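Peer 1: Please find upload-v5.cif (mmCIF, C-alpha atoms) on the next line:
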```cif
data_final
loop_
_atom_site.label_atom_id
_atom_site.label_comp_id
_atom_site.auth_asym_id
_atom_site.auth_seq_id
_atom_site.Cartn_x
_atom_site.Cartn_y
_atom_site.Cartn_z
CA MET A 68 -41.22 309.71 -253.78
CA SER A 69 -38.02 311.20 -252.38
CA LYS A 70 -34.97 309.53 -253.91
CA SER A 71 -31.37 308.91 -252.91
CA PHE A 72 -28.19 307.33 -254.16
CA PHE A 73 -26.11 304.93 -252.10
CA ILE A 74 -22.44 304.78 -253.09
CA ASP A 75 -20.58 301.86 -251.56
CA THR A 76 -16.91 302.70 -252.09
CA THR A 77 -15.91 299.23 -250.84
CA LYS A 78 -17.35 297.80 -254.05
CA CYS A 79 -15.89 300.37 -256.43
CA THR A 80 -13.05 299.04 -258.58
CA ALA A 81 -12.60 302.34 -260.43
CA CYS A 82 -13.59 300.97 -263.81
CA ARG A 83 -15.11 304.40 -264.57
CA GLY A 84 -18.14 302.93 -266.29
CA CYS A 85 -20.24 305.50 -264.40
CA GLN A 86 -18.16 308.35 -265.81
CA VAL A 87 -18.60 307.10 -269.36
CA ALA A 88 -22.33 306.40 -268.94
CA CYS A 89 -22.83 309.91 -267.52
CA LYS A 90 -21.07 311.46 -270.49
CA GLN A 91 -23.03 309.35 -272.93
CA TRP A 92 -26.49 309.97 -271.48
CA ASN A 93 -25.93 313.71 -271.09
CA GLN A 94 -24.25 313.90 -274.50
CA ASN A 95 -21.27 315.60 -272.91
CA PRO A 96 -18.11 315.71 -275.01
CA ALA A 97 -14.73 314.48 -273.85
CA VAL A 98 -12.40 317.13 -272.52
CA ASP A 99 -8.74 317.66 -273.27
CA THR A 100 -6.68 316.36 -270.36
CA HIS A 101 -3.07 315.64 -269.60
CA GLN A 102 -1.34 312.95 -267.57
CA GLN A 103 -1.31 314.12 -263.97
CA GLY A 104 0.67 311.21 -262.51
CA THR A 105 -2.52 309.43 -261.48
CA HIS A 106 -5.15 307.26 -263.11
CA GLN A 107 -7.77 309.87 -262.16
CA ASN A 108 -8.86 311.39 -265.43
CA PRO A 109 -10.01 314.05 -266.08
CA PRO A 110 -8.31 315.64 -263.08
CA ASP A 111 -11.47 317.39 -261.85
CA PHE A 112 -15.08 318.24 -262.65
CA ASP A 113 -15.70 320.66 -265.50
CA PHE A 114 -18.74 321.99 -267.35
CA HIS A 115 -18.95 318.73 -269.34
CA THR A 116 -17.99 316.32 -266.53
CA PHE A 117 -20.66 315.68 -263.88
CA LYS A 118 -19.31 312.37 -262.58
CA LEU A 119 -15.71 311.61 -261.67
CA VAL A 120 -14.06 308.64 -260.02
CA ARG A 121 -11.39 310.07 -257.75
CA PHE A 122 -8.28 307.96 -257.19
CA SER A 123 -6.31 308.35 -254.03
CA GLU A 124 -3.11 306.47 -253.28
CA VAL A 125 -2.32 306.57 -249.59
CA PRO A 126 0.43 304.87 -247.61
CA ALA A 127 -0.91 302.36 -245.11
CA PRO A 128 0.78 299.90 -242.72
CA GLU A 129 -0.07 297.04 -245.09
CA GLY A 130 1.38 298.91 -248.08
CA LEU A 131 0.13 301.42 -250.61
CA GLN A 132 -3.63 301.60 -250.61
CA TYR A 133 -5.93 302.67 -253.42
CA LEU A 134 -9.08 304.50 -252.37
CA PHE A 135 -11.70 305.07 -255.05
CA PHE A 136 -14.49 307.60 -254.70
CA PRO A 137 -17.15 308.10 -257.39
CA ASP A 138 -17.81 311.82 -256.88
CA GLN A 139 -20.91 313.77 -257.94
CA CYS A 140 -23.45 316.35 -256.73
CA ARG A 141 -24.92 315.22 -253.38
CA HIS A 142 -28.37 316.72 -254.09
CA CYS A 143 -28.43 318.33 -250.63
CA ILE A 144 -31.73 318.31 -248.80
CA GLU A 145 -31.26 322.04 -248.13
CA PRO A 146 -28.95 323.01 -250.99
CA PRO A 147 -26.64 325.94 -250.20
CA CYS A 148 -26.03 326.49 -253.94
CA LYS A 149 -29.73 327.27 -254.33
CA PHE A 150 -29.70 329.72 -251.44
CA ALA A 151 -26.67 331.45 -252.95
CA SER A 152 -28.18 331.74 -256.42
CA ASP A 153 -31.63 332.74 -255.11
CA ALA A 154 -29.97 335.82 -253.65
CA GLU A 155 -29.39 336.92 -257.23
CA VAL A 156 -31.82 335.10 -259.55
CA GLU A 157 -34.81 333.33 -258.07
CA GLY A 158 -35.37 329.92 -259.69
CA ALA A 159 -31.94 329.59 -261.26
CA ILE A 160 -31.50 326.47 -259.15
CA ILE A 161 -34.57 324.47 -258.20
CA VAL A 162 -35.40 321.40 -256.15
CA GLU A 163 -37.60 318.95 -258.03
CA PRO A 164 -40.38 318.23 -255.54
CA ASP A 165 -40.96 314.49 -256.14
CA THR A 166 -37.40 313.24 -256.14
CA GLY A 167 -35.59 316.01 -254.30
CA ALA A 168 -33.17 316.41 -257.21
CA VAL A 169 -31.31 319.72 -257.19
CA LEU A 170 -31.39 321.05 -260.75
CA PHE A 171 -29.55 323.88 -262.48
CA THR A 172 -31.83 325.67 -264.95
CA GLU A 173 -31.07 327.92 -267.91
CA LYS A 174 -31.52 330.86 -265.57
CA THR A 175 -28.12 330.06 -264.05
CA ALA A 176 -26.72 332.01 -267.01
CA GLN A 177 -28.22 335.13 -265.41
CA VAL A 178 -26.36 334.60 -262.13
CA GLU A 179 -23.35 336.90 -262.33
CA ASP A 180 -21.60 335.77 -259.20
CA PHE A 181 -20.75 332.15 -260.03
CA ASP A 182 -18.15 332.04 -257.25
CA SER A 183 -20.82 332.62 -254.61
CA VAL A 184 -22.62 329.51 -255.86
CA ARG A 185 -19.50 327.37 -256.20
CA PHE A 186 -18.11 328.33 -252.81
CA ALA A 187 -21.48 327.82 -251.15
CA CYS A 188 -21.26 324.15 -252.12
CA PRO A 189 -19.43 322.20 -249.41
CA TYR A 190 -18.52 319.55 -251.99
CA ASP A 191 -17.16 321.93 -254.68
CA ILE A 192 -19.50 320.65 -257.38
CA PRO A 193 -20.86 323.53 -259.56
CA ARG A 194 -18.96 324.37 -262.74
CA LEU A 195 -19.34 327.21 -265.24
CA ASP A 196 -19.28 327.44 -269.01
CA PRO A 197 -17.48 330.76 -269.54
CA ALA A 198 -18.90 331.06 -273.06
CA THR A 199 -22.58 330.93 -272.06
CA GLY A 200 -22.48 331.66 -268.35
CA LEU A 201 -24.47 328.46 -267.72
CA MET A 202 -23.69 326.34 -264.70
CA SER A 203 -23.72 322.55 -264.69
CA LYS A 204 -23.53 319.47 -262.49
CA CYS A 205 -25.20 316.04 -262.03
CA THR A 206 -28.91 316.13 -262.88
CA MET A 207 -29.79 312.89 -261.04
CA CYS A 208 -30.70 311.84 -264.61
CA ILE A 209 -34.08 313.36 -263.81
CA ASP A 210 -35.36 312.59 -267.30
CA ARG A 211 -34.58 308.90 -266.82
CA VAL A 212 -35.81 308.76 -263.23
CA LYS A 213 -39.13 310.41 -264.12
CA ASN A 214 -39.60 307.67 -266.70
CA GLY A 215 -38.93 304.86 -264.26
CA LEU A 216 -35.29 304.28 -265.24
CA LEU A 217 -32.21 304.30 -263.05
CA PRO A 218 -29.66 307.10 -263.38
CA ALA A 219 -27.18 306.12 -266.12
CA CYS A 220 -24.26 305.78 -263.68
CA VAL A 221 -26.24 303.37 -261.50
CA GLN A 222 -27.57 301.39 -264.44
CA VAL A 223 -24.08 300.73 -265.75
CA CYS A 224 -22.17 300.10 -262.50
CA PRO A 225 -21.03 296.47 -262.79
CA THR A 226 -19.99 295.98 -259.16
CA ASN A 227 -23.16 297.42 -257.58
CA ALA A 228 -21.15 300.17 -255.92
CA MET A 229 -23.72 302.67 -257.24
CA ASN A 230 -27.30 302.24 -256.06
CA PHE A 231 -30.43 304.37 -256.38
CA GLY A 232 -33.98 304.22 -255.09
CA ASP A 233 -36.49 305.52 -252.57
CA ARG A 234 -34.68 307.33 -249.79
CA GLU A 235 -35.89 305.07 -246.99
CA ASP A 236 -34.74 301.99 -248.89
CA MET A 237 -31.33 303.51 -249.62
CA ILE A 238 -30.84 304.51 -245.97
CA LYS A 239 -31.73 300.97 -244.91
CA MET A 240 -29.37 299.49 -247.50
CA ALA A 241 -26.57 301.85 -246.45
CA GLU A 242 -26.96 301.13 -242.74
CA GLU A 243 -27.08 297.38 -243.25
CA ARG A 244 -24.00 297.48 -245.45
CA LEU A 245 -22.20 299.72 -242.93
CA ALA A 246 -22.81 297.17 -240.16
CA GLU A 247 -21.33 294.45 -242.38
CA VAL A 248 -18.32 296.50 -243.50
CA LYS A 249 -17.55 297.56 -239.92
CA LYS A 250 -16.62 293.96 -239.13
CA THR A 251 -13.60 294.39 -241.41
CA PHE A 252 -13.14 298.16 -241.20
CA PRO A 253 -14.16 299.33 -237.70
CA ASP A 254 -13.73 302.99 -238.73
CA ALA A 255 -16.13 302.73 -241.66
CA SER A 256 -18.82 305.41 -241.79
CA LEU A 257 -21.58 306.99 -243.83
CA VAL A 258 -20.92 310.58 -244.86
CA ASP A 259 -23.35 313.43 -244.07
CA THR A 260 -26.34 311.08 -244.41
CA ASP A 261 -28.94 313.41 -242.90
CA GLU A 262 -28.00 316.35 -245.12
CA VAL A 263 -27.66 314.80 -248.57
CA ARG A 264 -29.31 312.48 -251.07
CA VAL A 265 -26.07 310.73 -251.95
CA LEU A 266 -25.19 308.40 -249.11
CA THR A 267 -21.52 307.45 -249.26
CA LEU A 268 -19.98 304.56 -247.39
CA ILE A 269 -16.25 304.94 -246.72
CA THR A 270 -13.78 302.83 -244.79
CA HIS A 271 -11.15 305.47 -244.03
CA GLU A 272 -11.11 309.11 -242.99
CA PRO A 273 -12.92 311.20 -245.65
CA GLU A 274 -9.91 313.46 -246.31
CA ARG A 275 -7.95 310.42 -247.48
CA TYR A 276 -10.30 310.10 -250.45
CA HIS A 277 -10.82 313.72 -251.41
CA GLU A 278 -10.53 317.13 -249.82
CA PHE A 279 -14.25 317.81 -250.33
CA LEU A 280 -15.74 314.38 -249.65
CA SER A 281 -17.44 315.50 -246.45
CA ALA A 282 -19.14 318.85 -245.82
CA GLY A 283 -16.97 319.46 -242.78
CA LEU A 284 -13.78 319.43 -244.81
CA ARG A 285 -14.20 322.62 -246.85
CA PRO A 286 -12.74 325.61 -245.03
CA VAL A 287 -15.19 328.39 -244.34
CA ARG A 288 -14.57 331.06 -246.94
CA LYS A 289 -13.58 334.37 -245.46
CA THR A 290 -15.43 337.31 -246.98
CA THR A 291 -13.24 340.28 -247.88
CA ARG A 292 -14.41 343.84 -247.27
CA GLN A 293 -14.75 344.37 -251.05
CA GLU A 294 -16.96 341.27 -251.37
CA LEU A 295 -19.04 342.36 -248.40
CA PHE A 296 -19.78 345.74 -250.02
CA ALA A 297 -20.44 344.06 -253.37
CA ASP A 298 -23.02 341.82 -251.68
CA LEU A 299 -24.64 344.80 -250.01
CA ARG A 300 -24.81 346.67 -253.33
CA LYS A 301 -26.30 343.59 -255.01
CA GLY A 302 -28.97 343.26 -252.31
CA LEU A 303 -29.76 346.98 -252.56
CA ARG A 304 -30.16 346.74 -256.36
CA ARG A 305 -32.55 343.81 -255.99
CA ALA A 306 -34.56 345.67 -253.37
CA LEU A 307 -34.91 348.70 -255.63
CA THR A 308 -35.93 346.82 -258.79
CA MET B 93 -5.61 298.19 -261.40
CA LEU B 94 -3.69 296.18 -263.96
CA LYS B 95 -6.55 293.78 -264.47
CA ILE B 96 -8.93 296.67 -265.11
CA ILE B 97 -6.59 298.08 -267.73
CA GLY B 98 -6.15 294.58 -269.15
CA MET B 99 -9.90 294.11 -269.39
CA MET B 100 -10.35 297.51 -271.01
CA LEU B 101 -7.75 296.49 -273.58
CA ALA B 102 -9.59 293.22 -274.17
CA VAL B 103 -12.76 295.17 -274.87
CA VAL B 104 -10.86 297.53 -277.18
CA PHE B 105 -9.43 294.58 -279.08
CA ALA B 106 -12.91 293.12 -279.39
CA THR B 107 -14.05 296.21 -281.21
CA ALA B 108 -10.83 296.68 -283.14
CA GLY B 109 -10.97 293.51 -285.17
CA LEU B 110 -9.63 290.98 -282.68
CA ALA B 111 -6.16 292.49 -282.83
CA CYS B 112 -4.53 290.09 -280.36
CA ALA B 113 -7.04 287.26 -280.32
CA ASN B 114 -6.13 283.88 -281.67
CA PRO B 115 -9.31 281.81 -281.26
CA LEU B 116 -9.01 278.03 -281.09
CA GLN B 117 -10.14 276.33 -284.28
CA GLU B 118 -13.25 274.18 -284.53
CA GLY B 119 -12.24 270.52 -284.80
CA GLY B 120 -8.97 271.23 -282.98
CA ASP B 121 -7.92 270.42 -279.42
CA PHE B 122 -9.21 272.40 -276.48
CA PRO B 123 -6.67 272.67 -273.63
CA ASP B 124 -7.42 270.63 -270.53
CA VAL B 125 -7.74 273.77 -268.42
CA GLN B 126 -7.92 273.71 -264.63
CA LEU B 127 -11.37 274.91 -263.59
CA ASN B 128 -11.25 277.01 -260.43
CA LEU B 129 -14.05 275.65 -258.21
CA SER B 130 -12.89 277.46 -255.04
CA GLY B 131 -14.15 274.45 -253.07
CA ASP B 132 -17.76 275.25 -253.96
CA ARG B 133 -19.71 272.04 -253.36
CA ALA B 134 -22.73 273.09 -255.42
CA VAL B 135 -20.50 273.73 -258.42
CA ALA B 136 -18.74 270.38 -257.91
CA ARG B 137 -22.11 268.64 -257.77
CA TYR B 138 -23.27 270.30 -260.99
CA LEU B 139 -20.06 269.40 -262.81
CA GLU B 140 -20.13 265.90 -261.27
CA VAL B 141 -16.62 266.14 -259.87
CA PRO B 142 -15.29 265.65 -256.32
CA PRO B 143 -15.26 268.86 -254.22
CA ALA B 144 -11.88 270.48 -254.75
CA ASP B 145 -10.22 273.83 -255.28
CA SER B 146 -9.68 273.02 -258.94
CA VAL B 147 -10.36 270.23 -261.38
CA PRO B 148 -9.26 269.53 -264.95
CA LEU B 149 -11.92 270.12 -267.57
CA SER B 150 -11.54 266.55 -268.86
CA GLU B 151 -12.89 265.17 -265.56
CA VAL B 152 -16.24 266.93 -265.81
CA GLY B 153 -18.98 264.30 -265.70
CA ALA B 154 -20.64 265.17 -268.98
CA ARG B 155 -20.22 264.64 -272.67
CA GLY B 156 -20.03 268.28 -273.58
CA ILE B 157 -19.62 271.68 -272.02
CA ILE B 158 -20.45 275.19 -273.22
CA ILE B 159 -17.87 277.67 -271.94
CA ASN B 160 -18.74 281.36 -271.85
CA ILE B 161 -15.63 283.54 -271.70
CA TYR B 162 -16.84 286.79 -270.15
CA SER B 163 -15.97 289.68 -267.85
CA LEU B 164 -17.82 291.85 -265.39
CA TYR B 165 -16.50 294.90 -267.20
CA CYS B 166 -17.95 294.00 -270.60
CA PRO B 167 -21.32 295.62 -271.43
CA PRO B 168 -22.40 292.96 -273.99
CA CYS B 169 -21.74 290.32 -271.31
CA HIS B 170 -24.38 292.02 -269.17
CA ARG B 171 -26.74 292.37 -272.10
CA GLU B 172 -26.66 288.66 -272.88
CA ALA B 173 -26.93 287.47 -269.25
CA PRO B 174 -30.73 286.86 -269.34
CA LEU B 175 -30.33 284.90 -272.58
CA LEU B 176 -27.66 282.67 -271.03
CA ASN B 177 -29.88 282.06 -268.01
CA ASN B 178 -32.53 280.99 -270.48
CA LEU B 179 -30.01 278.80 -272.30
CA TYR B 180 -29.31 277.01 -269.02
CA ARG B 181 -33.04 276.52 -268.42
CA MET B 182 -33.54 275.15 -271.94
CA ILE B 183 -30.78 272.58 -271.47
CA LYS B 184 -32.46 271.51 -268.24
CA GLU B 185 -35.94 271.38 -269.73
CA MET B 186 -34.70 269.24 -272.62
CA GLY B 187 -33.41 266.73 -270.07
CA LEU B 188 -29.83 267.27 -271.18
CA GLU B 189 -28.44 268.61 -267.92
CA ASP B 190 -26.39 265.47 -267.25
CA ASP B 191 -24.90 265.48 -270.75
CA LEU B 192 -24.29 269.11 -271.49
CA LYS B 193 -22.99 271.61 -268.94
CA LEU B 194 -22.81 275.38 -269.11
CA ILE B 195 -20.19 277.44 -267.27
CA GLY B 196 -18.85 280.98 -267.34
CA ILE B 197 -15.14 281.79 -267.04
CA ALA B 198 -14.74 285.29 -265.63
CA VAL B 199 -11.47 286.47 -267.11
CA GLY B 200 -9.52 288.92 -264.99
CA ASN B 201 -12.23 288.94 -262.32
CA ASN B 202 -11.79 288.20 -258.63
CA GLU B 203 -14.29 286.63 -256.24
CA GLN B 204 -16.06 289.92 -255.50
CA GLU B 205 -16.43 290.68 -259.19
CA VAL B 206 -17.79 287.21 -259.96
CA SER B 207 -20.31 287.56 -257.11
CA ALA B 208 -21.41 290.99 -258.35
CA TYR B 209 -22.27 289.59 -261.79
CA ARG B 210 -23.95 286.49 -260.34
CA GLU B 211 -26.12 288.51 -257.94
CA ARG B 212 -27.02 291.17 -260.50
CA HIS B 213 -28.26 288.66 -263.08
CA LYS B 214 -29.22 285.80 -260.73
CA VAL B 215 -27.08 283.40 -262.72
CA PRO B 216 -28.04 279.77 -261.99
CA PHE B 217 -24.98 278.09 -263.60
CA PRO B 218 -21.37 278.16 -262.32
CA LEU B 219 -19.24 281.24 -262.88
CA LEU B 220 -15.58 280.44 -262.30
CA MET B 221 -12.74 282.85 -261.63
CA ASP B 222 -9.77 283.35 -263.91
CA PRO B 223 -8.19 286.28 -262.05
CA ASP B 224 -4.75 286.11 -263.66
CA TYR B 225 -5.97 285.32 -267.21
CA THR B 226 -4.45 281.80 -267.16
CA ILE B 227 -7.40 280.17 -268.92
CA HIS B 228 -7.95 283.23 -271.10
CA LYS B 229 -4.44 282.84 -272.54
CA GLN B 230 -4.89 279.08 -272.98
CA VAL B 231 -8.05 279.55 -275.05
CA GLY B 232 -6.58 282.07 -277.45
CA SER B 233 -7.00 285.41 -275.60
CA VAL B 234 -10.39 285.78 -277.21
CA PRO B 235 -12.41 288.98 -276.75
CA VAL B 236 -15.33 288.97 -274.36
CA PRO B 237 -17.86 287.56 -274.66
CA SER B 238 -16.79 284.45 -276.57
CA PHE B 239 -18.02 280.88 -276.47
CA TYR B 240 -16.56 277.46 -276.95
CA ALA B 241 -18.63 274.30 -277.16
CA VAL B 242 -16.25 271.55 -276.09
CA LEU B 243 -16.77 267.85 -276.61
CA LEU B 244 -15.17 265.64 -273.96
CA GLN B 245 -14.10 262.91 -276.34
CA CYS B 246 -14.28 259.24 -275.42
CA ASP B 247 -10.81 258.66 -276.79
CA GLY B 248 -8.61 261.72 -276.65
CA GLY B 249 -8.71 265.09 -274.97
CA PRO B 250 -11.31 267.85 -275.12
CA GLN B 251 -12.16 269.06 -278.62
CA VAL B 252 -13.57 272.36 -279.88
CA VAL B 253 -16.75 271.59 -281.83
CA LEU B 254 -18.01 275.16 -282.05
CA SER B 255 -16.55 278.57 -281.34
CA LYS B 256 -18.32 281.89 -281.30
CA ILE B 257 -16.83 285.34 -280.89
CA GLY B 258 -19.30 287.90 -279.64
CA GLU B 259 -22.54 287.84 -277.73
CA VAL B 260 -25.41 285.40 -278.09
CA GLU B 261 -28.42 287.14 -279.58
CA ASP B 262 -30.65 284.10 -280.13
CA GLU B 263 -30.09 281.49 -277.44
CA LYS B 264 -32.45 278.96 -279.03
CA LYS B 265 -30.56 278.98 -282.31
CA PHE B 266 -27.24 278.93 -280.47
CA LEU B 267 -28.27 275.81 -278.55
CA GLU B 268 -29.40 274.14 -281.77
CA ASP B 269 -26.00 274.90 -283.32
CA VAL B 270 -24.19 273.53 -280.27
CA LEU B 271 -26.24 270.32 -280.18
CA ARG B 272 -25.76 269.76 -283.90
CA ALA B 273 -22.00 270.19 -283.53
CA MET B 274 -21.87 268.02 -280.39
CA SER B 275 -23.78 265.04 -281.72
CA LYS B 276 -21.76 265.00 -284.94
CA GLY B 277 -24.64 263.96 -287.13
CA LYS B 278 -25.86 261.19 -284.84
CA PRO B 279 -29.27 261.26 -283.13
CA LEU B 280 -28.98 263.76 -280.28
CA GLN B 281 -29.08 261.51 -277.21
CA GLU B 282 -26.89 258.87 -278.83
CA GLY B 283 -24.35 261.42 -279.94
CA LEU B 284 -24.17 263.01 -276.53
CA ARG B 285 -24.15 259.97 -274.27
CA GLU B 286 -21.39 257.83 -275.70
CA CYS B 287 -19.05 258.04 -272.74
CA ARG B 288 -18.51 259.64 -269.37
CA PHE B 289 -15.58 260.29 -267.01
CA ALA B 290 -15.07 257.68 -264.29
CA PRO B 291 -12.52 258.44 -261.55
CA GLY B 292 -9.46 256.23 -261.98
CA ALA B 293 -10.64 254.89 -265.32
CA GLY B 294 -10.77 257.98 -267.48
CA ARG B 295 -13.56 258.25 -270.05
CA VAL B 296 -15.47 255.02 -270.31
CA ALA B 297 -18.07 254.07 -272.90
CA LEU B 298 -21.63 254.00 -271.70
CA THR B 299 -23.67 250.91 -272.42
CA ARG B 300 -27.31 251.39 -273.14
#
```
Represent the structure contained in this file as structure tokens.
Peer 2:
Amino acid sequence: MSKSFFIDTTKCTACRGCQVACKQWNQNPAVDTHQQGTHQNPPDFDFHTFKLVRFSEVPAPEGLQYLFFPDQCRHCIEPPCKFASDAEVEGAIIVEPDTGAVLFTEKTAQVEDFDSVRFACPYDIPRLDPATGLMSKCTMCIDRVKNGLLPACVQVCPTNAMNFGDREDMIKMAEERLAEVKKTFPDASLVDTDEVRVLTLITHEPERYHEFLSAGLRPVRKTTRQELFADLRKGLRRALT
Amino acid sequence: MLKIIGMMLAVVFATAGLACANPLQEGGDFPDVQLNLSGDRAVARYLEVPPADSVPLSEVGARGIIINIYSLYCPPCHREAPLLNNLYRMIKEMGLEDDLKLIGIAVGNNEQEVSAYRERHKVPFPLLMDPDYTIHKQVGSVPVPSFYAVLLQCDGGPQVVLSKIGEVEDEKKFLEDVLRAMSKGKPLQEGLRECRFAPGAGRVALTR
């Protein structure tokens, strides 16, 4: 059964339990970080950080406002990262047929052009381990889900901001919650619902939370002439082998 | 934000040997804390008090009360939630609901956070807010979860008869310990039902 997350940012209090649970389940080590002048920590995704609560402090008429956004891979229904990596190594990124989870395999280490994968992602999710060449991101806790458990981040979320289940149920839950939230926040919306498996409810413009919250926010990357010829050479090599 | 940091610190202290906690002693006084009812009529009915925003603990219409000091942001507090629901059911099934009450005090949590915990675990007993840690400070800044069994004495203020730092792992044994401490060696019903709060008259002895 096709699965989806529903992230209700109106219920997120930025406790970061999801971040910790993600690290724990995936046995990812802590990373060395430094104070950036914000409670957001670590400052961004990295090879060992698949889940990150982004903190945004924005001025508002009623005073300074905190916007919290638990960020992660959106498990796109048609994942551009997969299309980008398939151009080089077929099967480096796969879509698990039952759940729709987008998964990075060990073959990602064979993909030489990591940037083409990272920049293909409208949400800037993929990260690279320079030592091994492997790529990483949220796995939808596929091992847990396949065994009837919730993803670790959802299991631990104390405020019910993180939800997970069959896609139809999550869409219904998201739409019902949106209707309720709109009474208080008329500009509330669901982000990119038809394209992704992580439905996100926000109350303000997406760019206020994070520059890559919505697919429409990432500028289209301009291809240089050098990159164009490199792509052509790569395609030619693949055709000849 | 501050309350989240505060709660994280409380959890850290819980695991670091109760660094800042100063639990109230068994046999000593328990402060007559103001319970935050938020005008909830169902809660007022359960506690046998008039509907109000807040009420002093000493006016609760029972002989004893088990107080669970907890927080939404405390993993053991989630782990023990089904056991506490069962504890509530056991008190009811033993016919002790009028004599012994069970409440949760959600330290540092606001209304939304209290609701999230209640909905997630379908908690049947009252969970009361303590958003600014007022009660938490009064009861010794104990780590979460902690428990106090408080006897509402017939002559004198509330008294701690049992305190427990840490989660309940065996609710049946915990209830036995509480009842033993509450009845002070007397037969259970007799020990529990000696007096009750009467508006305007304070605690009055019950005649049998």
Peer 1: Taking all atoms listed in the file into account, which residues of chain A are within 7 Å of chain B, as a ChimeraX atom specification?
Peer 2: /A:82,225-227
Peer 1: With all atoms listed in the file as the counted atoms, please give the residues lying no more than 10 Å from Glu259 (chain B), apart from itself and same-chain residues fewer than 5 positions off, as number ranges by chain.
Peer 2: B: 160, 162, 168-173, 175-176, 236-239
Peer 1: Find the distance between CA of Val252 (chain B) and CA of Phe122 (chain B) and write it in Å to one decimal.
Peer 2: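 These atoms are spaced 5.5 Å apart.
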Peer 1: Residues at most 10 Å from region 124-127 of chain B, counting only C-alpha atoms, excluding those fewer than 3 positions away in the same chain, as a PyMOL selection string?
Peer 2: chain B and resi 121+130+144-152+195+197+220-222+226-228+230-231+244+249-251
Peer 1: For this file, the PyMOL selection byres ((chain A and resi 171) around 9) selects which residues, as a list in words?
Peer 2: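 That expression, the PyMOL selection byres ((chain A and resi 171) around 9), corresponds here to Lys149, Gly158, Ala159, Ile160, Ile161, Val162, Val169, Leu170, Thr172, Glu173, Lys174, Thr175, Leu201, Met202, Ser203, Lys204, Cys205 and Thr206 of chain A.
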Peer 1: Those residues you just picked out, can you put them in a file as a PDB file, in the frame of the given file with C-alpha atoms?
Peer 2:
```
ATOM      1  CA  LYS A 149     -29.730 327.270-254.330  1.00  0.00           C
ATOM      2  CA  GLY A 158     -35.370 329.920-259.690  1.00  0.00           C
ATOM      3  CA  ALA A 159     -31.940 329.590-261.260  1.00  0.00           C
ATOM      4  CA  ILE A 160     -31.500 326.470-259.150  1.00  0.00           C
ATOM      5  CA  ILE A 161     -34.570 324.470-258.200  1.00  0.00           C
ATOM      6  CA  VAL A 162     -35.400 321.400-256.150  1.00  0.00           C
ATOM      7  CA  VAL A 169     -31.310 319.720-257.190  1.00  0.00           C
ATOM      8  CA  LEU A 170     -31.390 321.050-260.750  1.00  0.00           C
ATOM      9  CA  THR A 172     -31.830 325.670-264.950  1.00  0.00           C
ATOM     10  CA  GLU A 173     -31.070 327.920-267.910  1.00  0.00           C
ATOM     11  CA  LYS A 174     -31.520 330.860-265.570  1.00  0.00           C
ATOM     12  CA  THR A 175     -28.120 330.060-264.050  1.00  0.00           C
ATOM     13  CA  LEU A 201     -24.470 328.460-267.720  1.00  0.00           C
ATOM     14  CA  MET A 202     -23.690 326.340-264.700  1.00  0.00           C
ATOM     15  CA  SER A 203     -23.720 322.550-264.690  1.00  0.00           C
ATOM     16  CA  LYS A 204     -23.530 319.470-262.490  1.00  0.00           C
ATOM     17  CA  CYS A 205     -25.200 316.040-262.030  1.00  0.00           C
ATOM     18  CA  THR A 206     -28.910 316.130-262.880  1.00  0.00           C
TER      19      THR A 206
END
```
Peer 1: Taking the file as I've supplied it (selection: the PyMOL selection byres ((chain B and resi 177) around 9)), which residues are included? Please answer as a PyMOL selection string.
Peer 2: chain B and resi 172-176+178-182+213-217
Peer 1: Find the residue from A:Met229, A:Leu280, A:Ser152, A:Asn214 that sits nearest to Ala81 (chain A); use only C-alpha atoms when measuring.
Peer 2: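 Going through A:Met229, A:Leu280, A:Ser152, A:Asn214 one by one, the smallest distance to Ala81 (chain A) is for A:Met229.
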Peer 1: Considering all atoms listed in the file, can you say which of B:Glu268, B:Glu118, B:Glu286, B:Asp191 comes closest to Asp247 (chain B)?
Peer 2: B:Glu286
Peer 1: Do you know which residues the PyMOL selection byres ((chain A and resi 125) around 12) returns on this file, as an NGL selection string?
Peer 2: :A and (122-124 or 126-135 or 271-272 or 274-277)
Peer 1: Using all atoms listed in the file for the distances, tell me which of B:Asp132, B:Glu189, B:Glu203, B:Asp224 is nearest to Ile158 (chain B).
Peer 2: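 Smallest separation from Ile158 (chain B) among the options: B:Glu189.
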Peer 1: For Arg121 (chain A), please output as a PyMOL selection string all residues within 7 Å (counting only C-alpha atoms; exclusion window: fewer than 4 positions along the same chain).
Peer 2: chain A and resi 107+135-138
Peer 1: When you draw a straight line from CA of Ala228 (chain A) to CA of Pro189 (chain A), how long is it in Å?
Peer 2: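 So the answer is 23.0 Å.
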Peer 1: Please compute the CA of Ser256 (chain A)-CA of Pro164 (chain A) distance, one decimal, in Å.
Peer 2: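 Computing the Euclidean distance for CA of Ser256 (chain A) and CA of Pro164 (chain A) yields 28.6 Å.
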Peer 1: Just the residues within 8 Å of Met237 (chain A), please, counting only C-alpha atoms, with nothing from its chain fewer than 4 positions along; format it as a list in words.
Peer 2: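 So the residues in contact are Ser71, Phe72, Phe73, Asn230, Phe231, Gly232, Asp233, Ala241 and Leu266 of chain A.
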